[in-house]
Amino acid sequence: MAPRARAYWQGYLRLSLVSIGVELYAAAASGEKTALHQIHKPSGKRVRYEKVAPGVGPIEASDIVKGFEIGDDSYVVLEPEELDEIKLDSSRAIELVQFVERDEIDPRYFDRPYYLTPEGDVSTEGYVVIREALRAAGRIGLGRLTMRGRENLVAVVPFGKGLLVETLRYANELRAAEPFFADIADAAGDEEMISLARELIERKTRPFDAAAFKDTYAEALRELVERKREGHAVVSIGEEERRGPGKVINLIEALKRSVGEAEAPAPRRAGAKPPPTRGPGRVKPTPGARKAAAKKRA
């Protein structure tokens with residue numbers, strides 16, 4: 001059954017002469033991102049920004065047009081009706097025109113994921129056929145999808161019981177990587193250190209579980225907001241540790257210690273009590289930290 005959320009796009013998935021009704025839903029919940037707003041402290045009002053032009057001051061929204069930059073502070077002005085003339089009609093189909101192995105696509109090209117679902121029971125059979133054919137062939141489909149007047153290159157990928165549509169960036173939207181890596185030496189590296197690093201990687205390898213990774217800043221921010229909302233004092237943990245100059249370390253020794261620390265913990269005996277914990281992310285403050293916090297609050 002399709003999600004109750006409103007479909008982002010509705011149309012057809014087309015493979016040669018086969019067309020099935022489909023619906024597109026955003027897979028990323030952008031509303032879950034942590035956002036802070038600027039507030040005018042004396043009044044408690046949210047800060048707003050006026051649209052201004054240098055030497056003119058505040059301007060009306062009706063006087064604003066689009067401009068394409070062709071040089072430093074040089075623009076070609078484009079009127080709304082001119083842009084409307086070249087805007088693409090919203091196509092009602094994703095036509096699969098090519099198939100590739102997923103590993104063939106540079107990961108930098110993947111942009112945003114969407115869930116693609118069949119539009120009603122009548123489309124389910126054809127939907128399943130395309131999904132299973134892609135899965136059996138080990139391929140993903142490439143096509144074009146027009147949304148809001150813009151043509152998007154998309155990949156259609158089998159995903160569990162359904163299909164995933166991922167918008168792709170065009171080649172001219174990526175920066176060349178070579179200038180960023182030009183100063184990195186071509187040396188192969190020390191074989192012993194590479195072997196130790198590989199052993200460490202192997203010991204820390206496990207199936208990916210996104211739920212195991214938490215946004216600790218967002219959680220701390222929500223806790224802070226909740227404490228202030230309830231009127232509790234905000235606890236200071238002292239001055240932030242300053243970053244000093246990097247310490248020169250022995251890389252191979254650090255790798256050896258890391259491999260040793262990556263040993264799996266010994267199994268606990270039946271009936272043994274787990275070691276006491278202070279809760280996730282909580283560290284008992286040292287006397288010096290408590291004194292610094294008290295001094296800062298004073």
# chains A, B, ... in the order shown; residues from 1 in each chain; ligands from 1
>>> closest_atom_pairs(of="segment 150-253 of chain A", to="segment 36-39 of chain A", cutoff="12 Å", atoms="only C-alpha atoms", output="tab-separated table")
residue	atom	partner	partner_atom	distance
A:Ala218	CA	A:Leu36	CA	10.8
A:Leu221	CA	A:Leu36	CA	9.9
A:Arg222	CA	A:Leu36	CA	11.2
A:Val225	CA	A:Leu36	CA	11.1
>>> select_by_dssp(residues="segment 93-156 of chain A", states="strand (DSSP E or B)", output="PyMOL selection string")
chain A and resi 93-100+110-118+140-147+150-156
>>> write_last_selection(atoms="C-alpha atoms", output="compact mmCIF listing (two decimals), in the first residue's frame")
# COMPACT_ATOMS: atom_id res chain seq x y z
CA ALA A 93 6.91 9.47 -17.86
CA ILE A 94 10.24 8.10 -16.69
CA GLU A 95 11.49 6.29 -19.78
CA LEU A 96 14.28 3.79 -19.13
CA VAL A 97 16.69 4.36 -22.03
CA GLN A 98 19.87 2.67 -20.80
CA PHE A 99 21.01 0.10 -18.22
CA VAL A 100 24.32 -0.04 -16.36
CA PHE A 110 24.12 10.50 -6.86
CA ASP A 111 22.09 13.41 -5.51
CA ARG A 112 18.69 12.74 -3.88
CA PRO A 113 16.65 9.55 -3.30
CA TYR A 114 12.91 9.02 -3.89
CA TYR A 115 10.63 6.03 -3.38
CA LEU A 116 8.83 4.90 -6.54
CA THR A 117 5.59 2.98 -5.90
CA PRO A 118 2.95 1.46 -8.20
CA ILE A 140 19.99 -0.18 -12.77
CA GLY A 141 17.98 1.81 -15.29
CA LEU A 142 18.79 5.31 -16.46
CA GLY A 143 16.18 7.75 -17.68
CA ARG A 144 14.97 11.34 -17.56
CA LEU A 145 12.34 12.86 -15.32
CA THR A 146 10.95 16.37 -15.77
CA MET A 147 9.81 18.05 -12.55
CA ARG A 150 13.67 21.08 -15.07
CA GLU A 151 14.89 17.87 -16.64
CA ASN A 152 16.61 15.47 -14.24
CA LEU A 153 18.79 12.51 -15.07
CA VAL A 154 17.64 9.64 -12.82
CA ALA A 155 18.64 6.09 -11.89
CA VAL A 156 15.95 3.49 -11.10
>>> residues_around(residues="Ala137 of chain A", least_positions_apart="5", cutoff="12 Å", atoms="only C-alpha atoms", output="JSON, numbers by chain")
{"A": [99, 100, 101, 102, 130, 131, 132, 157, 158]}
>>> write_last_selection(atoms="C-alpha atoms", output="tab-separated table (two decimals), in the first residue's frame")
chain	number	residue	atom	x	y	z
A	99	PHE	CA	21.01	0.10	-18.22
A	100	VAL	CA	24.32	-0.04	-16.36
A	101	GLU	CA	25.88	-1.72	-13.36
A	102	ARG	CA	25.62	0.44	-10.25
A	130	ILE	CA	10.55	-4.47	-13.96
A	131	ARG	CA	11.91	-4.67	-10.40
A	132	GLU	CA	12.76	-8.36	-10.64
A	157	VAL	CA	17.27	0.95	-8.61
A	158	PRO	CA	15.71	-2.20	-7.08
>>> atom_distance(atom1="atom CA of Leu200 of chain A", atom2="atom CA of Glu104 of chain A")
28.4 Å
>>> residues_around(residues="Gly67 of chain A", least_positions_apart="6", cutoff="10 Å", atoms="only C-alpha atoms", output="PDB file with N, CA and C atoms, in the first residue's frame")
ATOM      1  N   SER A  74      28.762  41.341 -13.899  1.00  0.00           N
ATOM      2  CA  SER A  74      28.122  41.521 -15.200  1.00  0.00           C
ATOM      3  C   SER A  74      27.096  40.409 -15.386  1.00  0.00           C
ATOM      4  N   TYR A  75      25.872  40.781 -15.752  1.00  0.00           N
ATOM      5  CA  TYR A  75      24.780  39.817 -15.849  1.00  0.00           C
ATOM      6  C   TYR A  75      23.960  40.060 -17.110  1.00  0.00           C
ATOM      7  N   VAL A  76      23.412  38.966 -17.645  1.00  0.00           N
ATOM      8  CA  VAL A  76      22.399  39.064 -18.685  1.00  0.00           C
ATOM      9  C   VAL A  76      21.051  38.941 -17.984  1.00  0.00           C
ATOM     10  N   VAL A  77      20.219  39.974 -18.079  1.00  0.00           N
ATOM     11  CA  VAL A  77      18.933  39.986 -17.394  1.00  0.00           C
ATOM     12  C   VAL A  77      17.918  39.173 -18.185  1.00  0.00           C
ATOM     13  N   LEU A  78      17.197  38.286 -17.496  1.00  0.00           N
ATOM     14  CA  LEU A  78      16.207  37.417 -18.121  1.00  0.00           C
ATOM     15  C   LEU A  78      14.839  37.706 -17.510  1.00  0.00           C
ATOM     16  N   GLU A  79      13.871  38.020 -18.368  1.00  0.00           N
ATOM     17  CA  GLU A  79      12.521  38.326 -17.913  1.00  0.00           C
ATOM     18  C   GLU A  79      11.759  37.029 -17.605  1.00  0.00           C
TER      19      GLU A  79
END
>>> select_by_dssp(residues="segment 21-189 of chain A", states="alpha helix (DSSP H)", output="list in words")
Pro80, Glu81, Glu82, Leu83, Asp84, Glu85, Ile86, Thr124, Glu125, Gly126, Tyr127, Val128, Val129, Ile130, Arg131, Glu132, Ala133, Leu134, Arg135, Ala136, Ala137, Glu178, Pro179, Phe180 and Phe181 of chain A
>>> write_last_selection(atoms="C-alpha atoms", output="short mmCIF file (atom, residue, chain, number, x, y, z; two decimals), in the first residue's frame")
data_model
loop_
_atom_site.label_atom_id
_atom_site.label_comp_id
_atom_site.auth_asym_id
_atom_site.auth_seq_id
_atom_site.Cartn_x
_atom_site.Cartn_y
_atom_site.Cartn_z
CA PRO A 80 10.01 35.88 -16.34
CA GLU A 81 8.17 35.39 -19.62
CA GLU A 82 11.47 34.56 -21.38
CA LEU A 83 12.20 31.84 -18.83
CA ASP A 84 8.65 30.50 -19.16
CA GLU A 85 9.16 30.07 -22.91
CA ILE A 86 12.10 27.69 -22.45
CA THR A 124 1.61 -3.75 -9.40
CA GLU A 125 2.23 -6.68 -11.77
CA GLY A 126 4.22 -4.65 -14.32
CA TYR A 127 6.04 -2.89 -11.47
CA VAL A 128 7.16 -6.22 -9.98
CA VAL A 129 8.28 -7.49 -13.39
CA ILE A 130 10.55 -4.47 -13.96
CA ARG A 131 11.91 -4.67 -10.40
CA GLU A 132 12.76 -8.36 -10.64
CA ALA A 133 14.21 -8.03 -14.16
CA LEU A 134 16.57 -5.30 -12.94
CA ARG A 135 17.53 -7.37 -9.92
CA ALA A 136 18.15 -10.56 -11.93
CA ALA A 137 20.27 -8.68 -14.46
CA GLU A 178 42.76 16.27 -9.59
CA PRO A 179 43.61 19.81 -8.34
CA PHE A 180 42.62 18.84 -4.79
CA PHE A 181 44.86 15.74 -4.75
#
>>> atom_distance(atom1="atom CA of Glu119 of chain A", atom2="atom CA of Tyr12 of chain A")
8.9 Å
>>> atom_distance(atom1="atom CA of Gly149 of chain A", atom2="atom CA of Ile105 of chain A")
25.4 Å
>>> closest_residue(among="A:Leu255, A:Leu174, A:Leu224, A:Ala212", to="Glu192 of chain A", atoms="only C-alpha atoms")
A:Leu255
>>> residues_around(residues="segment 4-10 of chain A", least_positions_apart="3", cutoff="7 Å", atoms="only C-alpha atoms", output="list in words")
Val22, Glu23, Leu24, Tyr25 and Ala26 of chain A
>>> write_last_selection(atoms="C-alpha atoms", output="PDB file, in the first residue's frame")
ATOM      1  CA  VAL A  22       3.736   5.116 -10.625  1.00  0.00           C
ATOM      2  CA  GLU A  23       4.017   7.671  -7.834  1.00  0.00           C
ATOM      3  CA  LEU A  24       7.139   9.338  -6.465  1.00  0.00           C
ATOM      4  CA  TYR A  25       7.709  10.128  -2.776  1.00  0.00           C
ATOM      5  CA  ALA A  26      10.626  11.934  -1.146  1.00  0.00           C
TER       6      ALA A  26
END
